[in-house]
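Structure data (compact mmCIF, N, CA and C atoms and all ligand atoms) from query_9.txt:
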# COMPACT_ATOMS: atom_id res chain seq x y z
N MET A 1 -18.25 5.18 4.93
CA MET A 1 -17.51 4.23 4.09
C MET A 1 -17.04 4.98 2.83
N ALA A 2 -15.76 4.79 2.46
CA ALA A 2 -15.19 5.50 1.30
C ALA A 2 -15.76 4.96 0.00
N GLU A 3 -15.77 5.84 -1.00
CA GLU A 3 -16.25 5.45 -2.33
C GLU A 3 -15.23 4.59 -3.05
N LEU A 4 -15.70 3.57 -3.77
CA LEU A 4 -14.80 2.78 -4.62
C LEU A 4 -14.40 3.61 -5.83
N LEU A 5 -13.12 3.48 -6.22
CA LEU A 5 -12.61 4.19 -7.39
C LEU A 5 -12.70 3.26 -8.61
N ASP A 6 -13.05 3.84 -9.78
CA ASP A 6 -13.03 3.00 -10.98
C ASP A 6 -11.60 2.97 -11.54
N ASP A 7 -11.36 2.15 -12.54
CA ASP A 7 -10.00 1.94 -13.04
C ASP A 7 -9.36 3.25 -13.52
N ASP A 8 -10.13 4.10 -14.17
CA ASP A 8 -9.57 5.37 -14.64
C ASP A 8 -9.18 6.27 -13.47
N GLU A 9 -10.01 6.31 -12.45
CA GLU A 9 -9.69 7.11 -11.26
C GLU A 9 -8.44 6.56 -10.57
N VAL A 10 -8.36 5.24 -10.45
CA VAL A 10 -7.17 4.63 -9.84
C VAL A 10 -5.93 5.02 -10.63
N SER A 11 -6.02 4.84 -11.94
CA SER A 11 -4.86 5.11 -12.80
C SER A 11 -4.38 6.55 -12.68
N SER A 12 -5.32 7.47 -12.55
CA SER A 12 -4.94 8.89 -12.49
C SER A 12 -4.49 9.32 -11.10
N ARG A 13 -4.84 8.54 -10.06
CA ARG A 13 -4.56 9.00 -8.69
C ARG A 13 -3.38 8.31 -8.01
N ILE A 14 -3.06 7.09 -8.41
CA ILE A 14 -1.99 6.37 -7.68
C ILE A 14 -0.63 7.02 -7.98
N PRO A 15 0.25 7.03 -6.98
CA PRO A 15 1.57 7.65 -7.19
C PRO A 15 2.41 6.87 -8.20
N ASP A 16 3.40 7.54 -8.78
CA ASP A 16 4.33 6.84 -9.67
C ASP A 16 4.94 5.65 -8.94
N GLY A 17 5.12 4.55 -9.69
CA GLY A 17 5.74 3.36 -9.10
C GLY A 17 4.72 2.34 -8.64
N TRP A 18 3.45 2.78 -8.51
CA TRP A 18 2.38 1.88 -8.10
C TRP A 18 1.60 1.42 -9.34
N GLU A 19 1.07 0.20 -9.25
CA GLU A 19 0.25 -0.35 -10.33
C GLU A 19 -1.02 -0.96 -9.73
N GLN A 20 -2.07 -1.02 -10.58
CA GLN A 20 -3.30 -1.70 -10.14
C GLN A 20 -3.26 -3.15 -10.60
N GLU A 21 -3.60 -4.05 -9.69
CA GLU A 21 -3.77 -5.46 -10.01
C GLU A 21 -5.10 -5.91 -9.43
N GLY A 22 -6.13 -5.90 -10.27
CA GLY A 22 -7.46 -6.25 -9.80
C GLY A 22 -7.96 -5.24 -8.78
N ASP A 23 -8.29 -5.76 -7.59
CA ASP A 23 -8.84 -4.91 -6.53
C ASP A 23 -7.76 -4.36 -5.60
N GLU A 24 -6.50 -4.44 -6.03
CA GLU A 24 -5.39 -3.96 -5.21
C GLU A 24 -4.51 -3.00 -6.00
N ILE A 25 -3.77 -2.16 -5.25
CA ILE A 25 -2.64 -1.43 -5.85
C ILE A 25 -1.38 -2.01 -5.22
N VAL A 26 -0.32 -2.06 -6.00
CA VAL A 26 0.89 -2.75 -5.55
C VAL A 26 2.13 -1.97 -5.99
N ARG A 27 3.14 -2.01 -5.11
CA ARG A 27 4.47 -1.48 -5.44
C ARG A 27 5.50 -2.41 -4.86
N VAL A 28 6.57 -2.65 -5.61
CA VAL A 28 7.71 -3.43 -5.13
C VAL A 28 8.86 -2.45 -4.93
N TYR A 29 9.32 -2.31 -3.68
CA TYR A 29 10.44 -1.45 -3.32
C TYR A 29 11.71 -2.30 -3.29
N GLU A 30 12.79 -1.77 -3.88
CA GLU A 30 14.05 -2.52 -3.92
C GLU A 30 15.06 -1.92 -2.94
N PHE A 31 15.85 -2.81 -2.31
CA PHE A 31 16.82 -2.39 -1.30
C PHE A 31 18.18 -3.02 -1.55
N GLU A 32 19.22 -2.38 -0.96
CA GLU A 32 20.59 -2.90 -1.15
C GLU A 32 20.84 -4.16 -0.35
N ASP A 33 20.06 -4.31 0.73
CA ASP A 33 20.25 -5.55 1.49
C ASP A 33 18.95 -5.90 2.21
N TYR A 34 18.90 -7.10 2.73
CA TYR A 34 17.67 -7.66 3.30
C TYR A 34 17.17 -6.83 4.48
N LEU A 35 18.09 -6.46 5.41
CA LEU A 35 17.64 -5.81 6.65
C LEU A 35 17.13 -4.40 6.40
N ARG A 36 17.59 -3.73 5.33
CA ARG A 36 16.99 -2.43 5.00
C ARG A 36 15.52 -2.62 4.62
N GLY A 37 15.24 -3.72 3.92
CA GLY A 37 13.86 -4.03 3.57
C GLY A 37 13.02 -4.33 4.79
N VAL A 38 13.61 -5.06 5.73
CA VAL A 38 12.89 -5.38 6.96
C VAL A 38 12.56 -4.10 7.73
N SER A 39 13.52 -3.19 7.79
CA SER A 39 13.31 -1.93 8.50
C SER A 39 12.22 -1.10 7.83
N PHE A 40 12.22 -1.10 6.50
CA PHE A 40 11.19 -0.37 5.76
C PHE A 40 9.81 -0.97 6.05
N ALA A 41 9.73 -2.29 6.08
CA ALA A 41 8.45 -2.94 6.35
C ALA A 41 7.93 -2.54 7.73
N GLN A 42 8.84 -2.42 8.70
CA GLN A 42 8.45 -1.96 10.04
C GLN A 42 7.85 -0.56 9.97
N SER A 43 8.50 0.32 9.21
CA SER A 43 8.00 1.70 9.08
C SER A 43 6.62 1.73 8.43
N VAL A 44 6.45 0.91 7.40
CA VAL A 44 5.15 0.83 6.73
C VAL A 44 4.08 0.35 7.71
N GLY A 45 4.44 -0.64 8.51
CA GLY A 45 3.49 -1.17 9.48
C GLY A 45 3.08 -0.13 10.52
N GLU A 46 4.04 0.69 10.92
CA GLU A 46 3.73 1.73 11.91
C GLU A 46 2.78 2.78 11.33
N VAL A 47 3.03 3.17 10.08
CA VAL A 47 2.13 4.13 9.42
C VAL A 47 0.75 3.51 9.27
N ALA A 48 0.72 2.26 8.86
CA ALA A 48 -0.57 1.57 8.67
C ALA A 48 -1.36 1.51 9.97
N GLU A 49 -0.67 1.25 11.05
CA GLU A 49 -1.35 1.16 12.35
C GLU A 49 -1.86 2.53 12.77
N GLU A 50 -1.05 3.55 12.56
CA GLU A 50 -1.49 4.92 12.90
C GLU A 50 -2.74 5.31 12.11
N GLU A 51 -2.76 4.90 10.84
CA GLU A 51 -3.89 5.25 9.96
C GLU A 51 -5.00 4.21 10.02
N PHE A 52 -4.74 3.12 10.70
CA PHE A 52 -5.68 1.98 10.80
C PHE A 52 -6.18 1.54 9.43
N HIS A 53 -5.24 1.41 8.53
CA HIS A 53 -5.53 0.89 7.19
C HIS A 53 -4.31 0.08 6.79
N HIS A 54 -4.47 -1.24 6.68
CA HIS A 54 -3.34 -2.16 6.69
C HIS A 54 -3.10 -2.83 5.35
N PRO A 55 -1.86 -2.77 4.89
CA PRO A 55 -1.48 -3.43 3.63
C PRO A 55 -1.06 -4.87 3.86
N THR A 56 -0.94 -5.60 2.76
CA THR A 56 -0.20 -6.86 2.76
C THR A 56 1.25 -6.51 2.47
N ILE A 57 2.18 -7.01 3.29
CA ILE A 57 3.60 -6.73 3.11
C ILE A 57 4.32 -8.07 2.93
N VAL A 58 5.05 -8.19 1.82
CA VAL A 58 5.85 -9.40 1.58
C VAL A 58 7.32 -8.98 1.54
N ILE A 59 8.10 -9.50 2.47
CA ILE A 59 9.52 -9.18 2.55
C ILE A 59 10.31 -10.28 1.83
N ARG A 60 11.04 -9.92 0.77
CA ARG A 60 11.92 -10.85 0.06
C ARG A 60 13.33 -10.31 0.17
N TYR A 61 14.32 -11.11 -0.32
CA TYR A 61 15.71 -10.66 -0.33
C TYR A 61 15.83 -9.44 -1.25
N GLU A 62 16.20 -8.27 -0.62
CA GLU A 62 16.46 -7.02 -1.33
C GLU A 62 15.22 -6.42 -1.99
N GLU A 63 14.01 -6.87 -1.60
CA GLU A 63 12.81 -6.19 -2.08
C GLU A 63 11.65 -6.43 -1.12
N VAL A 64 10.75 -5.45 -1.08
CA VAL A 64 9.53 -5.54 -0.26
C VAL A 64 8.34 -5.19 -1.15
N GLU A 65 7.37 -6.11 -1.18
CA GLU A 65 6.14 -5.90 -1.97
C GLU A 65 5.03 -5.44 -1.04
N VAL A 66 4.39 -4.32 -1.39
CA VAL A 66 3.30 -3.78 -0.57
C VAL A 66 2.03 -3.73 -1.42
N ARG A 67 0.96 -4.32 -0.88
CA ARG A 67 -0.31 -4.36 -1.58
C ARG A 67 -1.38 -3.69 -0.71
N LEU A 68 -2.19 -2.84 -1.34
CA LEU A 68 -3.25 -2.14 -0.62
C LEU A 68 -4.60 -2.37 -1.27
N THR A 69 -5.62 -2.57 -0.47
CA THR A 69 -6.99 -2.58 -0.90
C THR A 69 -7.85 -2.22 0.31
N SER A 70 -9.08 -1.79 0.06
CA SER A 70 -9.98 -1.46 1.16
C SER A 70 -10.94 -2.62 1.34
N HIS A 71 -10.65 -3.46 2.34
CA HIS A 71 -11.39 -4.72 2.50
C HIS A 71 -12.88 -4.46 2.72
N GLU A 72 -13.18 -3.49 3.59
CA GLU A 72 -14.59 -3.25 3.92
C GLU A 72 -15.38 -2.80 2.69
N GLU A 73 -14.75 -1.99 1.83
CA GLU A 73 -15.44 -1.52 0.64
C GLU A 73 -15.37 -2.51 -0.52
N GLY A 74 -14.41 -3.44 -0.42
CA GLY A 74 -14.31 -4.46 -1.47
C GLY A 74 -13.60 -3.99 -2.72
N GLY A 75 -12.69 -3.04 -2.56
CA GLY A 75 -11.93 -2.57 -3.73
C GLY A 75 -10.98 -1.47 -3.33
N ILE A 76 -10.64 -0.63 -4.32
CA ILE A 76 -9.64 0.43 -4.12
C ILE A 76 -10.37 1.75 -3.84
N THR A 77 -9.95 2.43 -2.78
CA THR A 77 -10.52 3.72 -2.42
C THR A 77 -9.40 4.75 -2.25
N ASP A 78 -9.80 5.97 -1.97
CA ASP A 78 -8.79 7.02 -1.74
C ASP A 78 -7.94 6.73 -0.51
N LYS A 79 -8.44 5.91 0.40
CA LYS A 79 -7.62 5.52 1.56
C LYS A 79 -6.36 4.79 1.09
N ASP A 80 -6.53 3.92 0.11
CA ASP A 80 -5.39 3.18 -0.43
C ASP A 80 -4.42 4.11 -1.15
N VAL A 81 -4.95 5.04 -1.92
CA VAL A 81 -4.13 6.01 -2.64
C VAL A 81 -3.33 6.86 -1.65
N ARG A 82 -4.01 7.28 -0.58
CA ARG A 82 -3.35 8.15 0.41
C ARG A 82 -2.25 7.38 1.13
N LEU A 83 -2.53 6.14 1.51
CA LEU A 83 -1.51 5.35 2.22
C LEU A 83 -0.31 5.05 1.31
N ALA A 84 -0.58 4.84 0.03
CA ALA A 84 0.52 4.58 -0.91
C ALA A 84 1.52 5.74 -0.87
N GLY A 85 1.01 6.94 -0.89
CA GLY A 85 1.88 8.11 -0.82
C GLY A 85 2.62 8.20 0.50
N MET A 86 1.95 7.81 1.57
CA MET A 86 2.60 7.85 2.90
C MET A 86 3.70 6.80 3.00
N PHE A 87 3.47 5.62 2.39
CA PHE A 87 4.50 4.58 2.39
C PHE A 87 5.70 5.04 1.55
N ASP A 88 5.43 5.69 0.44
CA ASP A 88 6.52 6.21 -0.39
C ASP A 88 7.38 7.20 0.39
N ASP A 89 6.76 7.97 1.28
CA ASP A 89 7.51 8.94 2.10
C ASP A 89 8.46 8.24 3.07
N GLU A 90 8.18 6.97 3.38
CA GLU A 90 9.07 6.21 4.27
C GLU A 90 10.24 5.58 3.52
N PHE A 91 10.17 5.62 2.18
CA PHE A 91 11.18 4.91 1.38
C PHE A 91 12.43 5.75 1.21
C1 LIG B 101 -12.76 -4.11 10.99
C2 LIG B 101 -11.78 -3.68 9.92
O1 LIG B 101 -10.88 -4.70 9.66
C3 LIG B 101 -11.03 -2.42 10.40
O2 LIG B 101 -11.92 -1.39 10.51
C4 LIG B 101 -9.96 -1.93 9.41
C5 LIG B 101 -8.60 -2.51 9.69
N1 LIG B 101 -7.66 -2.28 8.63
C6 LIG B 101 -8.08 -2.27 7.34
N2 LIG B 101 -7.19 -2.30 6.34
C7 LIG B 101 -7.57 -2.37 5.05
N3 LIG B 101 -6.64 -2.42 4.06
N4 LIG B 101 -8.88 -2.38 4.74
C8 LIG B 101 -9.86 -2.33 5.65
O3 LIG B 101 -11.06 -2.34 5.31
C9 LIG B 101 -9.47 -2.24 7.04
N5 LIG B 101 -10.37 -2.17 8.03
So, in terms of structure tokens, how does the structure I just supplied come out?
Ligand SMILES: C[C@H](O)[C@H](O)[C@H]1CNC2=NC(N)=NC(=O)C2=N1
Amino acid sequence: MAELLDDDEVSSRIPDGWEQEGDEIVRVYEFEDYLRGVSFAQSVGEVAEEEFHHPTIVIRYEEVEVRLTSHEEGGITDKDVRLAGMFDDEF
């Protein structure tokens, strides 16, 4: 089981564009149109399935919100930080 990160560790490790909100890290990606966001959400889902670590994905008009936390550990771990960077690579 991965170690929980404290707020300072989260702040220093999460990629630019991500923020901590309680026990989650979150980023809102903006798109020129709705279907580009839908396609991005699909890509995020595929990475999540490959890594077996799943975010909450909210698809809105011209934006997609992605939230990560480690449910089993009950907070933010390096798994979340690593996946955040992998999702950014899909953007
Ligand atoms: C049983 C447990 O749900 C699975 O091992 C995986 C699935 N995907 C997961 N995703 C996330 N974000 N956190 C988890 O703890 C997690 N656990």
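For ligand LIG 101 (chain B), the protein and nucleic acid residues at most 7 Å away, judged by all atoms listed in the file, amount to Phe52, His53, His54, Pro55, Thr56, Leu68, Thr69, Ser70, His71, Glu72, Glu73 and Gly74 of chain A.
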Using all atoms listed in the file, which protein or nucleic acid residues come within 6.5 Å of Trp18 in chain A? Drop anything in the same chain fewer than 5 positions from it, and give the result as a tab-separated table (two decimals) with N, CA and C atoms, keeping the file's coordinate frame.
chain	number	residue	atom	x	y	z
A	25	ILE	N	-3.77	-2.16	-5.25
A	25	ILE	CA	-2.64	-1.43	-5.85
A	25	ILE	C	-1.38	-2.01	-5.22
A	26	VAL	N	-0.32	-2.06	-6.00
A	26	VAL	CA	0.89	-2.75	-5.55
A	26	VAL	C	2.13	-1.97	-5.99
A	27	ARG	N	3.14	-2.01	-5.11
A	27	ARG	CA	4.47	-1.48	-5.44
A	27	ARG	C	5.50	-2.41	-4.86
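Of note, CA of Arg13 in chain A and atom N of Gln42 in chain A are spaced 24.7 Å apart.
The space between atom N of Ala2 in chain A and atom N of Gly45 in chain A spans 21.8 Å.
Taking CA of Val44 in chain A and CA of Val64 in chain A as the two end points, the separation is 10.4 Å.
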